[in-house]
Structure formats: C-alpha cells, structure tokens
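Heads up, the thing below is written out as structure tokens.
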Amino acid sequence: MELAERIAEDLLKIQAVFFRPEEPFLWASGIKSPVYCDNRLTLSFPDVRADVEEGLKTLIETNFPDAEALMGTSTAGIAHAAITAHLMDLPMGYVRSGAKDHGRKNQIEGKLEKGQKVVVVEDLISTGGSVLEVVDVLRENGAEVLGVVSIFTYRMKKGVERLQKAQVKARCLTDFDTVTRVAAEKGYIRSGDVERLLAFRDNPADESWIGGIQ
C-alpha cells in the first residue's frame, strides 16, 4: 500500500479527518466545509503516530536530505516536529504565532543558527497562510528554509499558488483527494459524495456543492 493511502486510512480510522457533507462544519473564516480535520488525534494512537512520524522522516530524507533542523508550527506541529527530529537525531524548535510579551520576547523557541537549513513541520495546510507566516519569521531570522512537510493538505488552489509565489517547496503524507477516494472505497462516505467534496476543494467559497449530487 502506498504511504498516502495508508495515512489516509489511519486518519479516517481515528476520525482525525471526518466527513459530514450533509451537515457542513463552519470554519473560523466563515467557510462551510464538509470535512473536519484534527491531526492532533494522531498523537493519541501509537500505531497511527508511528506511521505519521516515520512517514514525515521519510518525506524529509527524500525531499530535503540537507536538513539541519526541524521547526514546528505552533501549536499543532510542535509534537510532530519533536518526535520526527528525535528519530532523525536533528535539532528541533518551534515558531510561536506571535512574540512573547515577557522574558526574552522570543517568537522562535529553540536555538536557530544563522544560515541553518531548516524544514518546517506542519499538521495540515489549507490556504497556506499560517505556515507561510512561520516561513517568513524563520527567513527574517536568518534560516534557509528548505521547505515544508505536513501530514495532510487540502491542495486548495489558493494554498498551492501562495506556496509557489513564496518559493516554498511543500510535501505531504496524504491529501484531500486521496482521503476522499479512500473514504468512498471504505464506506465512510457514499461514492456520490466524492464529486461534491472535490467541488468544495476546487472552490471553498462556492457553496453549490451543499445539497448537490446525491
């Protein structure tokens, strides 16, 4: 079984990715979504966690063999960065969403050397905004960001274009299309829902998929 399919099955099994096309979830942005994603749940299942962390290790070794340190996104990427860095015997740190207002007022936690080749570890990528903020902080502090690895990506057009514009190479363990296909094959959703879900992926702002193809 391909890695992307195995991770997709893992995420569906523990409901880290949960489809509900008939009763959409509401994102903070106001977008109605047929899918809920919480990859923090992977930490609670040792077998799934092992698949994820070994998978991230493989992604980094394959795509970013010169990596000298891993930096997690706050907060969901921190644990995954720490475990993967341990497996790879690499330094690790993380980037806060904002600088602390006390102490040394750090935004980057952990030691970052000027010119250090860094890979960012994220749990999921949707429109790419949050992970690019982390990349910007690291670059401003002298890091050479080789790229980003994530557990899951929606592969939304906006996110793909943002990453390309910022010249950020992104690699993921699995993606929305793969999880949707596996969900239909395993009976988590109806086969007729696949087209609706992919329509959401293509244009999240267009709600015509709601109540669409049955």
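Identifiers for the structure tokens are assigned positionally: chains receive A, B, ... in sequence, residues are indexed from 1 per chain, and ligands are indexed from 1 in the order shown.
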Notebook entry, point to check: Could you name the residues that touch region 142-148 of chain A at 12 Å or less, counting only C-alpha atoms, but leaving out those on the same chain fewer than 5 positions away, as an NGL selection string?
Noted result: :A and (56 or 59-61 or 63-73 or 77 or 81 or 108 or 111-125 or 128 or 130-132 or 134-137 or 153 or 163-164 or 166-173)
Note to self: Taking only region 2-202 of chain A into account, list the residues labelled helix (DSSP H, G or I) by DSSP (computed from the backbone), as a PyMOL selection string.
What the structure shows: chain A and resi 3-13+39-44+46-63+78-88+129-140+157-165+176-185+193-202
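Nearest residue to Thr127 (chain A) among A:Thr174, A:Asn141, A:Thr84, A:Asn203 is A:Asn203, counting only C-alpha atoms.
Close contacts of region 29-33 of chain A, defined as residues with an atom at most 8 Å away when counting only C-alpha atoms, with chain neighbours fewer than 6 positions off set aside, comprise Pro21, Phe200, Pro204, Ala205 and Glu207 of chain A.
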May I have the selected residues written with N, CA, C and O atoms, as a compact mmCIF listing (two decimals), in the first residue's frame?
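Writing done, so here's part_4.txt:
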# COMPACT_ATOMS: atom_id res chain seq x y z
N PRO A 21 -20.75 15.80 4.78
CA PRO A 21 -21.24 16.67 3.70
C PRO A 21 -22.67 17.15 3.87
O PRO A 21 -23.04 18.19 3.32
N PHE A 200 -15.90 21.26 -3.47
CA PHE A 200 -15.53 22.11 -2.33
C PHE A 200 -14.04 22.42 -2.38
O PHE A 200 -13.62 23.56 -2.20
N PRO A 204 -13.76 26.60 -2.25
CA PRO A 204 -14.42 26.55 -0.94
C PRO A 204 -15.49 27.64 -0.75
O PRO A 204 -16.42 27.45 0.05
N ALA A 205 -15.35 28.75 -1.46
CA ALA A 205 -16.31 29.84 -1.29
C ALA A 205 -17.63 29.58 -2.01
O ALA A 205 -18.65 30.21 -1.71
N GLU A 207 -20.75 27.48 -2.43
CA GLU A 207 -21.49 26.51 -1.61
C GLU A 207 -22.49 25.69 -2.42
O GLU A 207 -23.36 25.03 -1.85
Next item on the list: Please provide as number ranges by chain all residues within 10 Å of region 10-12 of chain A, with the sequence filter that same-chain residues fewer than 3 positions apart are discarded (counting only C-alpha atoms).
Entry: A: 4-7, 15-19, 37-39, 41-42, 45, 47-49, 51-52, 151-152, 174, 179-180, 182-183, 186, 188
Next item on the list: Could you find all residues in region 63-202 of chain A that DSSP calls strand (DSSP E or B) from the backbone, and write them as a ChimeraX atom specification?
Entry: /A:69-73,92-95,108-109,117-125,144-153,170-175
Put those residues in a file: N, CA, C and O atoms, as a compact mmCIF listing (two decimals), in the first residue's frame.
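Just written: out.txt:
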# COMPACT_ATOMS: atom_id res chain seq x y z
N ALA A 69 17.86 21.11 10.79
CA ALA A 69 17.00 21.30 11.95
C ALA A 69 15.55 21.28 11.50
O ALA A 69 15.23 21.59 10.34
N LEU A 70 14.66 20.90 12.42
CA LEU A 70 13.22 20.92 12.15
C LEU A 70 12.58 21.98 13.03
O LEU A 70 12.95 22.16 14.19
N MET A 71 11.62 22.72 12.46
CA MET A 71 10.89 23.74 13.20
C MET A 71 9.39 23.48 13.09
O MET A 71 8.83 23.46 11.99
N GLY A 72 8.75 23.26 14.22
CA GLY A 72 7.32 23.00 14.23
C GLY A 72 6.51 24.29 14.22
O GLY A 72 6.97 25.34 14.67
N THR A 73 5.31 24.20 13.70
CA THR A 73 4.37 25.32 13.77
C THR A 73 3.61 25.22 15.09
O THR A 73 3.35 24.14 15.59
N MET A 92 15.68 20.64 17.07
CA MET A 92 14.28 20.97 16.84
C MET A 92 13.92 22.23 17.61
O MET A 92 14.49 22.52 18.67
N GLY A 93 13.01 22.99 17.06
CA GLY A 93 12.45 24.14 17.76
C GLY A 93 11.05 24.38 17.23
O GLY A 93 10.50 23.55 16.50
N TYR A 94 10.47 25.50 17.60
CA TYR A 94 9.16 25.83 17.04
C TYR A 94 8.99 27.33 16.99
O TYR A 94 9.72 28.09 17.64
N VAL A 95 8.02 27.75 16.19
CA VAL A 95 7.75 29.17 15.98
C VAL A 95 6.39 29.51 16.57
O VAL A 95 5.39 28.90 16.21
N ILE A 108 10.74 32.58 18.14
CA ILE A 108 11.31 31.28 17.82
C ILE A 108 11.84 30.65 19.10
O ILE A 108 12.66 31.25 19.79
N GLU A 109 11.36 29.46 19.42
CA GLU A 109 11.84 28.74 20.60
C GLU A 109 12.77 27.63 20.16
O GLU A 109 12.50 26.90 19.21
N LYS A 117 19.91 25.26 7.68
CA LYS A 117 18.95 24.70 6.72
C LYS A 117 17.83 24.02 7.49
O LYS A 117 18.05 23.02 8.17
N VAL A 118 16.63 24.58 7.35
CA VAL A 118 15.50 24.20 8.20
C VAL A 118 14.35 23.65 7.37
O VAL A 118 14.08 24.12 6.26
N VAL A 119 13.66 22.66 7.92
CA VAL A 119 12.40 22.18 7.36
C VAL A 119 11.31 22.45 8.37
O VAL A 119 11.45 22.16 9.56
N VAL A 120 10.22 23.03 7.90
CA VAL A 120 9.07 23.33 8.77
C VAL A 120 8.13 22.13 8.81
O VAL A 120 7.84 21.53 7.76
N VAL A 121 7.67 21.77 9.99
CA VAL A 121 6.75 20.65 10.17
C VAL A 121 5.38 21.21 10.57
O VAL A 121 5.25 21.88 11.60
N GLU A 122 4.38 20.92 9.75
CA GLU A 122 3.02 21.41 9.95
C GLU A 122 2.07 20.22 9.99
O GLU A 122 2.37 19.15 9.45
N ASP A 123 0.92 20.38 10.66
CA ASP A 123 -0.01 19.24 10.67
C ASP A 123 -0.89 19.24 9.42
O ASP A 123 -1.12 18.21 8.82
N LEU A 124 -1.39 20.42 9.00
CA LEU A 124 -2.19 20.46 7.78
C LEU A 124 -2.03 21.81 7.10
O LEU A 124 -1.73 22.82 7.74
N ILE A 125 -2.27 21.81 5.79
CA ILE A 125 -2.20 23.04 5.01
C ILE A 125 -3.52 23.20 4.26
O ILE A 125 -3.96 22.28 3.57
N GLU A 144 17.70 29.26 6.37
CA GLU A 144 17.45 28.87 4.99
C GLU A 144 16.36 27.80 5.03
O GLU A 144 16.62 26.66 5.41
N VAL A 145 15.15 28.19 4.67
CA VAL A 145 14.02 27.26 4.74
C VAL A 145 14.01 26.39 3.49
O VAL A 145 13.74 26.88 2.38
N LEU A 146 14.30 25.11 3.67
CA LEU A 146 14.33 24.19 2.54
C LEU A 146 12.93 23.86 2.04
O LEU A 146 12.74 23.61 0.85
N GLY A 147 11.97 23.85 2.96
CA GLY A 147 10.61 23.53 2.58
C GLY A 147 9.75 23.18 3.78
O GLY A 147 10.15 23.39 4.93
N VAL A 148 8.57 22.65 3.48
CA VAL A 148 7.57 22.33 4.50
C VAL A 148 7.10 20.89 4.30
O VAL A 148 6.89 20.45 3.16
N VAL A 149 6.93 20.17 5.39
CA VAL A 149 6.27 18.87 5.34
C VAL A 149 5.03 18.93 6.22
O VAL A 149 5.02 19.60 7.25
N SER A 150 3.98 18.24 5.78
CA SER A 150 2.74 18.22 6.55
C SER A 150 2.12 16.83 6.50
O SER A 150 2.45 16.02 5.62
N ILE A 151 1.23 16.58 7.44
CA ILE A 151 0.52 15.31 7.45
C ILE A 151 -0.54 15.30 6.35
O ILE A 151 -0.71 14.31 5.63
N PHE A 152 -1.23 16.43 6.19
CA PHE A 152 -2.39 16.49 5.31
C PHE A 152 -2.43 17.85 4.62
O PHE A 152 -2.09 18.86 5.22
N THR A 153 -2.85 17.86 3.36
CA THR A 153 -3.08 19.13 2.68
C THR A 153 -4.37 19.03 1.88
O THR A 153 -4.71 17.98 1.34
N ALA A 170 6.61 22.27 -0.78
CA ALA A 170 5.79 21.61 0.24
C ALA A 170 5.54 20.16 -0.15
O ALA A 170 5.20 19.86 -1.30
N ARG A 171 5.69 19.27 0.82
CA ARG A 171 5.42 17.85 0.61
C ARG A 171 4.53 17.35 1.75
O ARG A 171 4.69 17.76 2.90
N CYS A 172 3.59 16.47 1.42
CA CYS A 172 2.63 16.00 2.43
C CYS A 172 2.57 14.47 2.44
O CYS A 172 2.92 13.82 1.46
N LEU A 173 2.10 13.94 3.57
CA LEU A 173 1.92 12.49 3.67
C LEU A 173 0.70 12.04 2.89
O LEU A 173 0.72 10.99 2.24
N THR A 174 -0.39 12.80 2.96
CA THR A 174 -1.59 12.49 2.19
C THR A 174 -2.34 13.77 1.92
O THR A 174 -2.01 14.83 2.47
N ASP A 175 -3.34 13.69 1.03
CA ASP A 175 -4.05 14.90 0.65
C ASP A 175 -5.56 14.66 0.57
O ASP A 175 -6.03 13.52 0.71
Next item on the list: Mind giving me the straight-line distance from CA of Glu9 (chain A) to CA of Glu185 (chain A) in Å, one decimal?
Entry: 10.3 Å
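The coordinates place CA of Arg181 (chain A) at 15.4 Å from CA of Asp202 (chain A).
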